[in-house]
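Colleague: Next comes the structure file my_file_10.tsv, holding TSV, C-alpha atoms and all ligand atoms.
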chain	number	residue	atom	x	y	z
A	4	MET	CA	9.80	-12.20	-5.29
A	5	ALA	CA	10.84	-8.87	-3.75
A	6	VAL	CA	8.11	-8.83	-1.07
A	7	ARG	CA	7.54	-11.47	1.62
A	8	ALA	CA	5.17	-11.00	4.56
A	9	LEU	CA	6.73	-13.65	6.82
A	10	TRP	CA	9.21	-16.50	7.03
A	11	TYR	CA	10.11	-19.14	9.59
A	12	SER	CA	13.45	-20.56	10.59
A	13	ARG	CA	14.65	-22.62	13.53
A	14	GLY	CA	11.89	-21.89	16.03
A	15	THR	CA	11.39	-18.22	15.10
A	16	LEU	CA	8.61	-16.63	13.07
A	17	HIS	CA	9.84	-13.49	11.31
A	18	LEU	CA	7.10	-10.97	10.48
A	19	LEU	CA	7.46	-7.83	8.41
A	20	ASP	CA	5.65	-5.26	10.61
A	21	GLN	CA	2.95	-4.04	8.23
A	22	ARG	CA	1.88	-1.25	10.60
A	23	GLN	CA	5.15	0.53	9.87
A	24	LEU	CA	5.03	0.37	6.08
A	25	PRO	CA	5.75	2.21	3.88
A	26	ARG	CA	7.90	4.42	6.14
A	27	ARG	CA	10.04	1.71	7.70
A	28	ARG	CA	10.89	-1.92	6.94
A	29	VAL	CA	10.94	-3.50	10.43
A	30	VAL	CA	10.98	-7.26	11.03
A	31	LEU	CA	9.70	-8.75	14.32
A	32	HIS	CA	11.12	-12.08	15.53
A	33	LEU	CA	8.58	-14.14	17.48
A	34	ARG	CA	9.18	-17.31	19.49
A	35	LYS	CA	5.93	-17.64	21.45
A	36	ALA	CA	2.36	-18.44	20.42
A	37	ARG	CA	1.03	-15.55	22.52
A	38	GLU	CA	3.27	-13.11	20.60
A	39	VAL	CA	1.91	-14.45	17.32
A	40	ALA	CA	-1.68	-14.06	18.57
A	41	ASP	CA	-0.95	-10.43	19.53
A	42	ALA	CA	0.68	-9.76	16.16
A	43	ILE	CA	-2.42	-11.03	14.33
A	44	ARG	CA	-4.79	-9.03	16.57
A	45	ARG	CA	-2.77	-5.81	16.16
A	46	MET	CA	-2.38	-6.32	12.40
A	47	VAL	CA	1.41	-6.61	12.37
A	48	VAL	CA	0.49	-9.35	9.91
A	49	ARG	CA	-2.85	-9.09	8.11
A	50	GLY	CA	-4.65	-10.34	5.02
A	51	ALA	CA	-6.58	-13.62	5.11
A	52	PRO	CA	-4.04	-16.14	3.72
A	53	ALA	CA	-1.14	-14.51	5.61
A	54	ILE	CA	-2.88	-14.70	8.98
A	55	GLY	CA	-3.71	-18.33	8.19
A	56	VAL	CA	-0.02	-19.10	7.73
A	57	ALA	CA	0.92	-17.03	10.81
A	58	GLY	CA	-1.70	-18.98	12.79
A	59	ALA	CA	-0.20	-22.26	11.57
A	60	TYR	CA	3.28	-21.21	12.74
A	61	GLY	CA	1.79	-19.89	16.00
A	62	MET	CA	0.57	-23.46	16.59
A	63	ALA	CA	4.05	-24.84	15.81
A	64	LEU	CA	5.60	-22.43	18.34
A	65	ALA	CA	2.96	-23.39	20.94
A	66	ALA	CA	3.90	-27.06	20.52
A	67	LYS	CA	7.53	-26.20	21.32
A	68	GLU	CA	6.63	-24.18	24.43
A	69	GLY	CA	5.21	-27.18	26.24
A	70	ARG	CA	2.49	-25.23	28.11
A	71	TYR	CA	-0.34	-25.75	25.62
A	72	THR	CA	-2.44	-28.63	24.43
A	73	PRO	CA	-3.34	-28.63	20.72
A	74	ALA	CA	-6.84	-27.44	21.71
A	75	SER	CA	-5.73	-24.63	24.05
A	76	ALA	CA	-3.22	-23.30	21.51
A	77	ALA	CA	-5.90	-23.37	18.80
A	78	LYS	CA	-8.29	-21.48	21.09
A	79	LEU	CA	-5.70	-18.76	21.79
A	80	LEU	CA	-4.87	-18.18	18.12
A	81	ALA	CA	-8.47	-18.43	16.91
A	82	SER	CA	-9.59	-15.70	19.34
A	83	THR	CA	-7.63	-13.01	17.47
A	84	ARG	CA	-9.71	-12.03	14.41
A	85	PRO	CA	-13.08	-13.53	13.45
A	86	THR	CA	-13.65	-12.92	9.74
A	87	ALA	CA	-10.89	-14.49	7.63
A	88	HIS	CA	-11.67	-18.19	7.15
A	89	ASP	CA	-8.03	-18.90	6.29
A	90	LEU	CA	-6.99	-18.27	9.91
A	91	PHE	CA	-9.10	-21.18	11.13
A	92	VAL	CA	-7.91	-23.46	8.33
A	93	GLY	CA	-4.23	-22.76	9.09
A	94	ILE	CA	-4.73	-23.38	12.81
A	95	GLU	CA	-6.75	-26.55	12.23
A	96	VAL	CA	-4.22	-28.12	9.84
A	97	VAL	CA	-1.49	-27.90	12.50
A	98	ARG	CA	-3.78	-28.75	15.41
A	99	ALA	CA	-4.80	-31.99	13.69
A	100	ALA	CA	-1.19	-32.96	12.90
A	101	TRP	CA	-0.07	-32.19	16.46
A	102	ALA	CA	-3.01	-34.05	18.06
A	103	ALA	CA	-2.24	-37.08	15.88
A	104	GLY	CA	1.38	-37.15	17.09
A	105	GLY	CA	2.75	-35.59	13.91
A	106	GLU	CA	5.33	-32.81	13.57
A	107	PRO	CA	3.63	-29.37	13.95
A	108	GLU	CA	6.51	-27.44	12.37
A	109	ALA	CA	6.46	-29.64	9.27
A	110	ALA	CA	2.67	-29.26	9.05
A	111	ALA	CA	3.00	-25.46	9.19
A	112	ASP	CA	5.75	-25.50	6.53
A	113	ALA	CA	3.58	-27.65	4.26
A	114	TYR	CA	0.59	-25.33	4.79
A	115	ARG	CA	2.71	-22.30	3.91
A	116	ALA	CA	3.97	-23.99	0.73
A	117	LYS	CA	0.40	-24.92	-0.26
A	118	ILE	CA	-0.80	-21.31	0.10
A	119	VAL	CA	2.14	-19.92	-1.86
A	120	GLY	CA	1.52	-22.49	-4.62
A	121	GLU	CA	-2.19	-21.67	-4.79
A	122	CYS	CA	-1.46	-17.93	-5.02
A	123	ARG	CA	0.96	-18.52	-7.87
A	124	ALA	CA	-1.75	-20.59	-9.63
A	125	ILE	CA	-4.28	-17.78	-9.09
A	126	GLY	CA	-1.81	-15.54	-10.88
A	127	GLU	CA	-1.72	-17.84	-13.91
A	128	VAL	CA	-5.51	-18.18	-14.06
A	129	GLY	CA	-6.17	-14.47	-13.53
A	130	ALA	CA	-3.49	-13.14	-15.89
A	131	ARG	CA	-5.64	-14.25	-18.87
A	132	LEU	CA	-8.37	-11.81	-17.82
A	133	PHE	CA	-6.50	-8.63	-18.61
A	134	ALA	CA	-5.90	-7.26	-22.11
A	135	ASP	CA	-2.80	-5.25	-23.01
A	136	GLY	CA	-3.14	-1.75	-21.51
A	137	ALA	CA	-5.83	-2.78	-18.98
A	138	ARG	CA	-6.69	-0.26	-16.26
A	139	VAL	CA	-7.55	-2.27	-13.18
A	140	LEU	CA	-8.94	-1.06	-9.85
A	141	THR	CA	-8.24	-2.82	-6.56
A	142	HIS	CA	-9.34	-2.26	-2.97
A	143	CYS	CA	-7.35	-2.94	0.22
A	144	ASN	CA	-4.18	-5.03	-0.06
A	145	ALA	CA	-4.42	-8.49	-1.55
A	146	GLY	CA	-0.76	-8.74	-2.47
A	147	ALA	CA	2.24	-10.66	-1.16
A	148	LEU	CA	1.90	-8.88	2.17
A	149	ALA	CA	-1.56	-10.37	2.59
A	150	THR	CA	-0.65	-13.88	1.47
A	151	VAL	CA	3.07	-14.56	2.19
A	152	GLU	CA	4.09	-14.39	-1.50
A	153	TRP	CA	2.45	-13.42	-4.82
A	154	GLY	CA	-0.90	-12.24	-3.51
A	155	THR	CA	-4.40	-13.09	-4.65
A	156	ALA	CA	-5.76	-10.03	-6.49
A	157	LEU	CA	-2.22	-8.79	-7.17
A	158	ALA	CA	-0.83	-12.15	-8.36
A	159	PRO	CA	-2.35	-11.89	-11.87
A	160	LEU	CA	-1.25	-8.27	-12.12
A	161	ARG	CA	2.32	-9.23	-11.19
A	162	LEU	CA	2.40	-11.88	-13.93
A	163	VAL	CA	0.85	-9.60	-16.55
A	164	HIS	CA	3.53	-7.02	-15.79
A	165	GLU	CA	6.33	-9.63	-15.73
A	166	ARG	CA	5.28	-10.78	-19.19
A	167	GLY	CA	5.74	-7.28	-20.54
A	168	GLN	CA	2.07	-6.46	-21.03
A	169	LYS	CA	1.01	-2.86	-20.36
A	170	LEU	CA	-0.99	-2.40	-17.18
A	171	PHE	CA	-2.19	0.39	-14.93
A	172	VAL	CA	-3.61	-0.01	-11.41
A	173	TRP	CA	-6.01	2.29	-9.55
A	174	VAL	CA	-5.33	1.82	-5.82
A	175	ASP	CA	-8.16	2.70	-3.41
A	176	GLU	CA	-6.50	4.20	-0.32
A	177	THR	CA	-8.78	2.00	1.89
A	178	ARG	CA	-9.67	3.98	4.98
A	179	PRO	CA	-9.39	3.67	7.89
A	180	VAL	CA	-6.21	1.52	8.03
A	181	LEU	CA	-4.96	2.54	4.55
A	182	GLN	CA	-3.96	-0.91	3.34
A	183	GLY	CA	-4.29	0.41	-0.24
A	184	SER	CA	-2.10	3.50	-0.03
A	185	ARG	CA	0.38	2.13	2.52
A	186	LEU	CA	0.71	-1.48	1.36
A	187	THR	CA	-0.63	-2.03	-2.18
A	188	ALA	CA	1.07	1.11	-3.48
A	189	TRP	CA	4.30	0.01	-1.77
A	190	GLU	CA	4.15	-3.44	-3.40
A	191	LEU	CA	3.41	-1.99	-6.85
A	192	GLU	CA	6.24	0.49	-6.40
A	193	GLU	CA	8.63	-2.38	-5.52
A	194	GLU	CA	7.56	-4.22	-8.67
A	195	GLY	CA	7.63	-1.16	-10.94
A	196	ILE	CA	3.95	-1.50	-11.87
A	197	PRO	CA	2.35	1.85	-12.82
A	198	TYR	CA	-0.40	2.97	-10.43
A	199	ARG	CA	-2.17	5.94	-8.86
A	200	VAL	CA	-3.60	6.08	-5.34
A	201	ILE	CA	-7.14	7.44	-5.17
A	202	ALA	CA	-9.37	8.42	-2.27
A	203	ASP	CA	-11.94	5.70	-1.63
A	204	ASN	CA	-14.67	8.17	-2.61
A	205	ALA	CA	-13.12	8.63	-6.07
A	206	ALA	CA	-13.51	5.04	-7.31
A	207	GLY	CA	-17.08	5.65	-8.54
A	208	HIS	CA	-15.96	8.70	-10.49
A	209	PHE	CA	-13.25	6.79	-12.34
A	210	MET	CA	-15.59	3.88	-13.10
A	211	HIS	CA	-18.37	6.19	-14.28
A	212	THR	CA	-16.04	8.16	-16.56
A	213	GLY	CA	-14.78	5.06	-18.39
A	214	GLN	CA	-11.32	4.91	-16.84
A	215	VAL	CA	-11.57	1.43	-15.26
A	216	ASP	CA	-11.64	-1.78	-17.35
A	217	ALA	CA	-11.91	-4.28	-14.49
A	218	VAL	CA	-11.97	-4.53	-10.70
A	219	ILE	CA	-10.15	-7.30	-8.83
A	220	VAL	CA	-10.14	-7.80	-5.05
A	221	GLY	CA	-9.29	-10.54	-2.56
A	222	ALA	CA	-11.66	-12.02	0.02
A	223	ASP	CA	-11.66	-12.96	3.68
A	224	ARG	CA	-14.43	-15.54	3.56
A	225	ILE	CA	-16.61	-16.87	0.76
A	226	ALA	CA	-19.92	-18.55	1.56
A	227	ARG	CA	-21.34	-21.52	-0.37
A	228	ASN	CA	-23.74	-19.28	-2.32
A	229	GLY	CA	-20.90	-17.02	-3.49
A	230	ASP	CA	-21.55	-14.10	-1.10
A	231	PHE	CA	-18.17	-12.97	0.20
A	232	ALA	CA	-16.62	-10.78	2.91
A	233	ASN	CA	-13.75	-8.46	2.12
A	234	LYS	CA	-12.39	-5.14	3.36
A	235	ILE	CA	-15.01	-2.53	4.22
A	236	GLY	CA	-15.92	-0.60	1.07
A	237	THR	CA	-15.75	-3.60	-1.25
A	238	TYR	CA	-19.56	-3.83	-1.49
A	239	GLU	CA	-19.80	-0.24	-2.79
A	240	LYS	CA	-17.14	-0.89	-5.44
A	241	ALA	CA	-18.98	-4.03	-6.60
A	242	VAL	CA	-22.31	-2.20	-6.93
A	243	VAL	CA	-20.74	0.69	-8.84
A	244	ALA	CA	-18.84	-1.74	-11.10
A	245	ARG	CA	-22.11	-3.52	-11.95
A	246	ALA	CA	-23.87	-0.19	-12.63
A	247	ASN	CA	-21.11	0.63	-15.11
A	248	ARG	CA	-20.89	-2.87	-16.66
A	249	ILE	CA	-17.31	-3.34	-15.43
A	250	PRO	CA	-16.25	-6.95	-14.64
A	251	PHE	CA	-15.69	-7.57	-10.94
A	252	TYR	CA	-13.33	-10.43	-10.02
A	253	VAL	CA	-12.61	-11.97	-6.60
A	254	ALA	CA	-9.34	-13.88	-6.26
A	255	ALA	CA	-8.88	-16.39	-3.42
A	256	PRO	CA	-7.18	-19.66	-2.47
A	257	TRP	CA	-9.37	-22.56	-1.32
A	258	SER	CA	-8.72	-21.76	2.35
A	259	THR	CA	-10.88	-18.63	1.99
A	260	PHE	CA	-13.96	-20.65	0.96
A	261	ASP	CA	-16.07	-21.64	3.96
A	262	PRO	CA	-18.15	-24.77	3.24
A	263	SER	CA	-19.96	-24.32	6.56
A	264	ALA	CA	-21.40	-20.88	5.69
A	265	ALA	CA	-24.49	-21.17	3.48
A	266	ARG	CA	-24.72	-17.44	2.79
A	267	GLY	CA	-23.07	-14.11	3.55
A	268	ALA	CA	-25.30	-13.36	6.53
A	269	GLU	CA	-23.52	-16.20	8.37
A	270	ILE	CA	-20.08	-14.57	8.04
A	271	PRO	CA	-18.92	-12.90	11.28
A	272	VAL	CA	-17.84	-9.31	10.61
A	273	GLU	CA	-15.07	-7.96	12.84
A	274	GLU	CA	-15.69	-4.56	14.43
A	275	ARG	CA	-12.48	-2.78	15.37
A	276	GLY	CA	-11.88	0.11	17.77
A	277	PRO	CA	-13.24	3.62	17.01
A	278	GLU	CA	-9.78	5.20	17.21
A	279	GLU	CA	-8.98	3.91	13.69
A	280	VAL	CA	-11.83	6.08	12.34
A	281	LEU	CA	-11.51	9.11	14.62
A	282	ALA	CA	-7.85	9.87	13.87
A	283	PHE	CA	-5.55	10.07	10.89
A	284	GLY	CA	-1.81	9.55	11.27
A	285	GLY	CA	-2.24	9.63	15.03
A	286	ARG	CA	-4.05	13.03	14.96
A	287	PRO	CA	-7.73	13.38	15.91
A	288	THR	CA	-10.01	14.24	12.99
A	289	ALA	CA	-13.26	14.51	14.95
A	290	PRO	CA	-14.39	16.32	18.09
A	291	ILE	CA	-12.77	14.78	21.12
A	292	ARG	CA	-16.05	13.30	22.45
A	293	SER	CA	-17.06	11.70	19.11
A	294	THR	CA	-17.74	8.01	18.95
A	295	ALA	CA	-17.62	5.91	15.77
A	296	ARG	CA	-18.52	2.57	14.21
A	297	ASN	CA	-15.73	0.63	12.55
A	298	PRO	CA	-16.73	-2.60	10.77
A	299	ALA	CA	-13.51	-3.91	9.23
A	300	PHE	CA	-15.30	-5.89	6.49
A	301	ASP	CA	-18.52	-5.92	4.51
A	302	VAL	CA	-20.35	-8.69	2.69
A	303	THR	CA	-20.96	-8.42	-1.06
A	304	PRO	CA	-23.80	-10.50	-2.53
A	305	ALA	CA	-22.79	-13.14	-5.07
A	306	ARG	CA	-24.80	-11.49	-7.86
A	307	TYR	CA	-22.16	-8.72	-8.17
A	308	VAL	CA	-19.31	-11.17	-8.80
A	309	THR	CA	-18.34	-11.81	-12.43
A	310	ALA	CA	-16.09	-14.72	-11.41
A	311	PHE	CA	-13.96	-16.07	-8.58
A	312	VAL	CA	-10.35	-16.53	-9.62
A	313	THR	CA	-9.31	-19.77	-7.91
A	314	PRO	CA	-6.09	-21.83	-8.19
A	315	ASP	CA	-8.03	-24.27	-10.38
A	316	GLY	CA	-9.70	-21.86	-12.76
A	317	LEU	CA	-12.49	-19.32	-12.92
A	318	LEU	CA	-15.63	-20.12	-10.98
A	319	GLY	CA	-19.00	-18.43	-11.51
A	320	PRO	CA	-20.72	-17.53	-8.22
A	321	ARG	CA	-23.45	-20.13	-8.80
A	322	ALA	CA	-20.81	-22.86	-9.17
A	323	VAL	CA	-19.17	-22.31	-5.76
A	324	SER	CA	-21.36	-24.71	-3.85
A	325	ARG	CA	-20.86	-27.52	-6.40
A	326	ALA	CA	-17.09	-26.94	-6.46
A	327	LEU	CA	-16.88	-27.16	-2.67
A	328	ARG	CA	-18.90	-30.39	-2.62
A	329	ALA	CA	-16.61	-31.89	-5.27
A	330	ARG	CA	-13.51	-30.90	-3.28
A	331	ALA	CA	-14.93	-32.51	-0.11
A	332	ARG	CA	-15.26	-35.90	-1.87
B	401	LIG	O1	-8.04	-6.13	7.82
B	401	LIG	P1	-7.12	-6.78	6.82
B	401	LIG	O2	-6.06	-5.86	6.33
B	401	LIG	O3	-6.58	-8.10	7.32
B	401	LIG	O4	-8.07	-7.09	5.59
B	401	LIG	C1	-7.53	-7.71	4.46
B	401	LIG	C2	-8.48	-7.79	3.33
B	401	LIG	O5	-9.63	-7.44	3.42
B	401	LIG	C3	-7.96	-8.43	2.07
B	401	LIG	O6	-8.59	-7.88	0.95
B	401	LIG	C4	-8.26	-9.93	2.12
B	401	LIG	O7	-7.73	-10.49	3.29
B	401	LIG	C5	-7.75	-10.65	0.96
B	401	LIG	S1	-6.03	-10.85	1.09
B	401	LIG	C6	-5.43	-11.78	-0.12
Hey, can you dump this file as structure tokens for me?
Ligand code: MRU

Modeller:
Amino acid sequence: MAVRALWYSRGTLHLLDQRQLPRRRVVLHLRKAREVADAIRRMVVRGAPAIGVAGAYGMALAAKEGRYTPASAAKLLASTRPTAHDLFVGIEVVRAAWAAGGEPEAAADAYRAKIVGECRAIGEVGARLFADGARVLTHCNAGALATVEWGTALAPLRLVHERGQKLFVWVDETRPVLQGSRLTAWELEEEGIPYRVIADNAAGHFMHTGQVDAVIVGADRIARNGDFANKIGTYEKAVVARANRIPFYVAAPWSTFDPSAARGAEIPVEERGPEEVLAFGGRPTAPIRSTARNPAFDVTPARYVTAFVTPDGLLGPRAVSRALRARAR
């Protein structure tokens, strides 16, 4: 694996600073829970499974500092970003181990290994979906950077490429933070997978003109009825894919599924600062007194999903609720 979002060794969490990619490869070395919380909030590390693992290690660092209880550390780390369910799972796994007198660092290591294993399994399941020569569109970054290793949406594409099958990826640039052009394109470049970056507005054109065979994205939270939150703009891609009879897949580990959310309307959607929308590359793109709205995610109704690609196989949207009940037993 050429790309890794984070790693942990001897009391230090090492994070590849995703704000600086693709221009510079800078690694931050964090030893305090508060630094990890800031890194999640500022999107040094981002992507649902990756912030879950960072949250787990943030808990392990908090336990070493000696100034937190399991509950106060969990509160600090959980206050960073509201939408990705994985964050709360990662924090809770380590909080529970710590509160029970277990070893927080070992719990965080085990959580990381579980997520990496599930992403690899998603790759195996999803690789069967794409025929030789498939032209696949993706939105945002759901690669190794978003998940520690492998990715969710990108894991099947990595395997397909590794196995020598022909593949081409359309990469939505993903305004306003450009996770597509800055991060997905960078990962594909590192792996030698052919791709083109397109403006977000162009995805409909390429679907409508028969140049997209499938769409695959990740998710930040999936409700019991199969509605799911992902990067802003995902809803539009799903609607256009359906209008053009293009299969639309959502790849996610189990930590992204939220058994407590009955439907999409219950998923909290993060709203970020207006400066992300009102400037480009640090330069203003709107009149100086403009204000903006900046929802970071949207919720796509389950009816637009062809299948969820999970570590244990494909899941139709109507089967999510049953699968979650079976896993809880
Ligand atoms: O705001 P971000 O960059 O954290 O948003 C990330 C996404 O929306 C990803 O598509 C999602 O987390 C899936 S990552 C495997």

Colleague: Report as a PyMOL selection string all protein, DNA and RNA residues lying within 12 Å of range 35-46 of chain A, evaluated on all atoms listed in the file, omitting residues in the same chain fewer than 6 positions from it.

Modeller: chain A and resi 8-9+14-24+52-73+75-87+90+94+148-149+180+182+273-276+279+299

Colleague: List all protein, DNA and RNA residues that have any atom at most 6 Å from ligand LIG 401 (chain B), counting all atoms listed in the file, and write the list as a list in words.

Modeller: Arg49, Gly50, Ala51, Pro52, Cys143, Asn144, Ala145, Ala149, Thr150, Gly154, Thr155, Gly221, Ala222, Asp223, Asn233 and Lys234 of chain A

Colleague: Just checking: using all atoms listed in the file, which residue out of A:Arg161, A:His88, A:Arg178, A:Arg286 ends up closest to Ala255 in chain A?

Modeller: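 Looking only at the distances to Ala255 in chain A, the closest residue turns out to be A:His88.
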
Colleague: Skip Val242 in chain A itself and residues of its chain fewer than 6 positions away, then list as a PDB file with C-alpha atoms, keeping the file's coordinate frame all residues within 10 Å of it, counting all atoms listed in the file.

Modeller:
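This is the output file out-v2.pdb:
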ATOM      1  CA  GLY A 207     -17.080   5.650  -8.540  1.00  0.00           C
ATOM      2  CA  ARG A 248     -20.890  -2.870 -16.660  1.00  0.00           C
ATOM      3  CA  ILE A 249     -17.310  -3.340 -15.430  1.00  0.00           C
ATOM      4  CA  PHE A 251     -15.690  -7.570 -10.940  1.00  0.00           C
ATOM      5  CA  THR A 303     -20.960  -8.420  -1.060  1.00  0.00           C
ATOM      6  CA  PRO A 304     -23.800 -10.500  -2.530  1.00  0.00           C
ATOM      7  CA  ARG A 306     -24.800 -11.490  -7.860  1.00  0.00           C
ATOM      8  CA  TYR A 307     -22.160  -8.720  -8.170  1.00  0.00           C
ATOM      9  CA  VAL A 308     -19.310 -11.170  -8.800  1.00  0.00           C
TER      10      VAL A 308
END

Colleague: For Asp315 in chain A, please output as a PyMOL selection string all residues within 10 Å (counting only C-alpha atoms; exclusion window: fewer than 6 positions along the same chain).

Modeller: chain A and resi 121+124-125+127-128+256-257

Colleague: Can those selected residues be exported to a file as a short mmCIF file (atom, residue, chain, number, x, y, z; two decimals), in the coordinates of the input so that it contains C-alpha atoms?

Modeller:
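For reference, part20.cif as written:
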data_model
loop_
_atom_site.label_atom_id
_atom_site.label_comp_id
_atom_site.auth_asym_id
_atom_site.auth_seq_id
_atom_site.Cartn_x
_atom_site.Cartn_y
_atom_site.Cartn_z
CA GLU A 121 -2.19 -21.67 -4.79
CA ALA A 124 -1.75 -20.59 -9.63
CA ILE A 125 -4.28 -17.78 -9.09
CA GLU A 127 -1.72 -17.84 -13.91
CA VAL A 128 -5.51 -18.18 -14.06
CA PRO A 256 -7.18 -19.66 -2.47
CA TRP A 257 -9.37 -22.56 -1.32
#

Colleague: Could you tell me how far CA of Arg224 in chain A sits from CA of Val151 in chain A, in Å to one decimal place?

Modeller: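 According to the coordinates, CA of Val151 in chain A and CA of Arg224 in chain A are separated by 17.6 Å.
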
Colleague: For Leu162 in chain A, which of A:Ala103, A:Asn204, A:Asp89, A:Arg131 is the closest residue, counting all atoms listed in the file?

Modeller: A:Arg131

Colleague: Find the residue from A:Asp301, A:Glu190, A:Glu106, A:Asp261 that sits nearest to Ala331 in chain A; use only C-alpha atoms when measuring.

Modeller: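 Of A:Asp301, A:Glu190, A:Glu106, A:Asp261, the one nearest Ala331 in chain A, counting only C-alpha atoms, is A:Asp261.
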
Colleague: Hey, which of A:Ala158, A:Ala188, A:Val163, A:Leu140 ends up closest to Met210 in chain A? Count all atoms listed in the file.

Modeller: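 Going through A:Ala158, A:Ala188, A:Val163, A:Leu140 one by one, the smallest distance to Met210 in chain A is for A:Leu140.
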
Colleague: Counting only C-alpha atoms, figure out which residue out of A:Ala282, A:Cys122, A:Ser258, A:Arg138 gets nearest to Gly213 in chain A.

Modeller: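 Closest to Gly213 in chain A of all the choices is A:Arg138.
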
Colleague: Using all atoms listed in the file for the distances, tell me which of A:Val6, A:Ile291, A:Val30, A:Val218 is nearest to Glu239 in chain A.

Modeller: A:Val218

Colleague: Kindly give the distance, in Å, that separates CA of Arg227 in chain A and CA of Ile118 in chain A, rounded to a single decimal.

Modeller: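 Taking CA of Arg227 in chain A as the start and CA of Ile118 in chain A as the end point, the length is 20.5 Å.
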
Colleague: Rounded to one decimal in Å, what is the spacing between CA of Lys117 in chain A and CA of Gly129 in chain A?

Modeller: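 Atom-to-atom, CA of Lys117 in chain A and CA of Gly129 in chain A are spaced 18.1 Å apart.
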
Colleague: Need the shell around Pro262 in chain A: protein/DNA/RNA residues with any atom at most 9 Å away, counting all atoms listed in the file. Skip same-chain ones fewer than 5 positions apart. Format as a compact mmCIF listing (two decimals) with C-alpha atoms, in the frame of the given file?

Modeller:
# COMPACT_ATOMS: atom_id res chain seq x y z
CA ILE A 225 -16.61 -16.87 0.76
CA ALA A 226 -19.92 -18.55 1.56
CA ARG A 227 -21.34 -21.52 -0.37
CA SER A 324 -21.36 -24.71 -3.85
CA LEU A 327 -16.88 -27.16 -2.67
CA ARG A 328 -18.90 -30.39 -2.62

Colleague: I'd like the neighbourhood of Thr309 in chain A as a list in words, where a residue qualifies if any of its atoms comes within 8 Å (using only C-alpha atoms), though same-chain residues fewer than 6 positions away should be ignored.

Modeller: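 Result of the neighbour search: Pro250, Phe251, Tyr252, Gly319 and Pro320 of chain A.
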
Colleague: My structure is short of atoms at range 280-293 of chain A; please model N, CA and C atoms there, returning them as an mmCIF file, in the coordinates of the input.

Modeller:
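out17.cif was written with the following content:
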data_model
loop_
_atom_site.group_PDB
_atom_site.id
_atom_site.type_symbol
_atom_site.label_atom_id
_atom_site.label_comp_id
_atom_site.auth_asym_id
_atom_site.auth_seq_id
_atom_site.Cartn_x
_atom_site.Cartn_y
_atom_site.Cartn_z
ATOM 1 N N VAL A 280 -11.000 5.190 13.163
ATOM 2 C CA VAL A 280 -11.830 6.080 12.340
ATOM 3 C C VAL A 280 -11.698 7.538 12.779
ATOM 4 N N LEU A 281 -11.448 7.755 14.058
ATOM 5 C CA LEU A 281 -11.510 9.110 14.620
ATOM 6 C C LEU A 281 -10.184 9.856 14.550
ATOM 7 N N ALA A 282 -9.160 9.211 13.975
ATOM 8 C CA ALA A 282 -7.850 9.870 13.870
ATOM 9 C C ALA A 282 -7.212 9.511 12.547
ATOM 10 N N PHE A 283 -6.273 10.314 12.135
ATOM 11 C CA PHE A 283 -5.550 10.070 10.890
ATOM 12 C C PHE A 283 -4.087 10.365 11.170
ATOM 13 N N GLY A 284 -3.234 9.356 10.958
ATOM 14 C CA GLY A 284 -1.810 9.550 11.270
ATOM 15 C C GLY A 284 -1.587 9.923 12.712
ATOM 16 N N GLY A 285 -2.419 9.360 13.604
ATOM 17 C CA GLY A 285 -2.240 9.630 15.030
ATOM 18 C C GLY A 285 -2.874 10.940 15.494
ATOM 19 N N ARG A 286 -3.431 11.751 14.557
ATOM 20 C CA ARG A 286 -4.050 13.030 14.960
ATOM 21 C C ARG A 286 -5.560 12.942 14.903
ATOM 22 N N PRO A 287 -6.261 13.445 15.926
ATOM 23 C CA PRO A 287 -7.730 13.380 15.910
ATOM 24 C C PRO A 287 -8.304 14.145 14.718
ATOM 25 N N THR A 288 -9.354 13.560 14.124
ATOM 26 C CA THR A 288 -10.010 14.240 12.990
ATOM 27 C C THR A 288 -11.473 14.505 13.302
ATOM 28 N N ALA A 289 -11.859 14.309 14.556
ATOM 29 C CA ALA A 289 -13.260 14.510 14.950
ATOM 30 C C ALA A 289 -13.240 15.125 16.348
ATOM 31 N N PRO A 290 -14.344 15.759 16.736
ATOM 32 C CA PRO A 290 -14.390 16.320 18.090
ATOM 33 C C PRO A 290 -14.018 15.265 19.127
ATOM 34 N N ILE A 291 -13.384 15.688 20.161
ATOM 35 C CA ILE A 291 -12.770 14.780 21.120
ATOM 36 C C ILE A 291 -13.777 13.789 21.734
ATOM 37 N N ARG A 292 -15.060 14.213 21.838
ATOM 38 C CA ARG A 292 -16.050 13.300 22.450
ATOM 39 C C ARG A 292 -16.780 12.430 21.410
ATOM 40 N N SER A 293 -16.370 12.507 20.135
ATOM 41 C CA SER A 293 -17.060 11.700 19.110
ATOM 42 C C SER A 293 -16.876 10.220 19.357
#
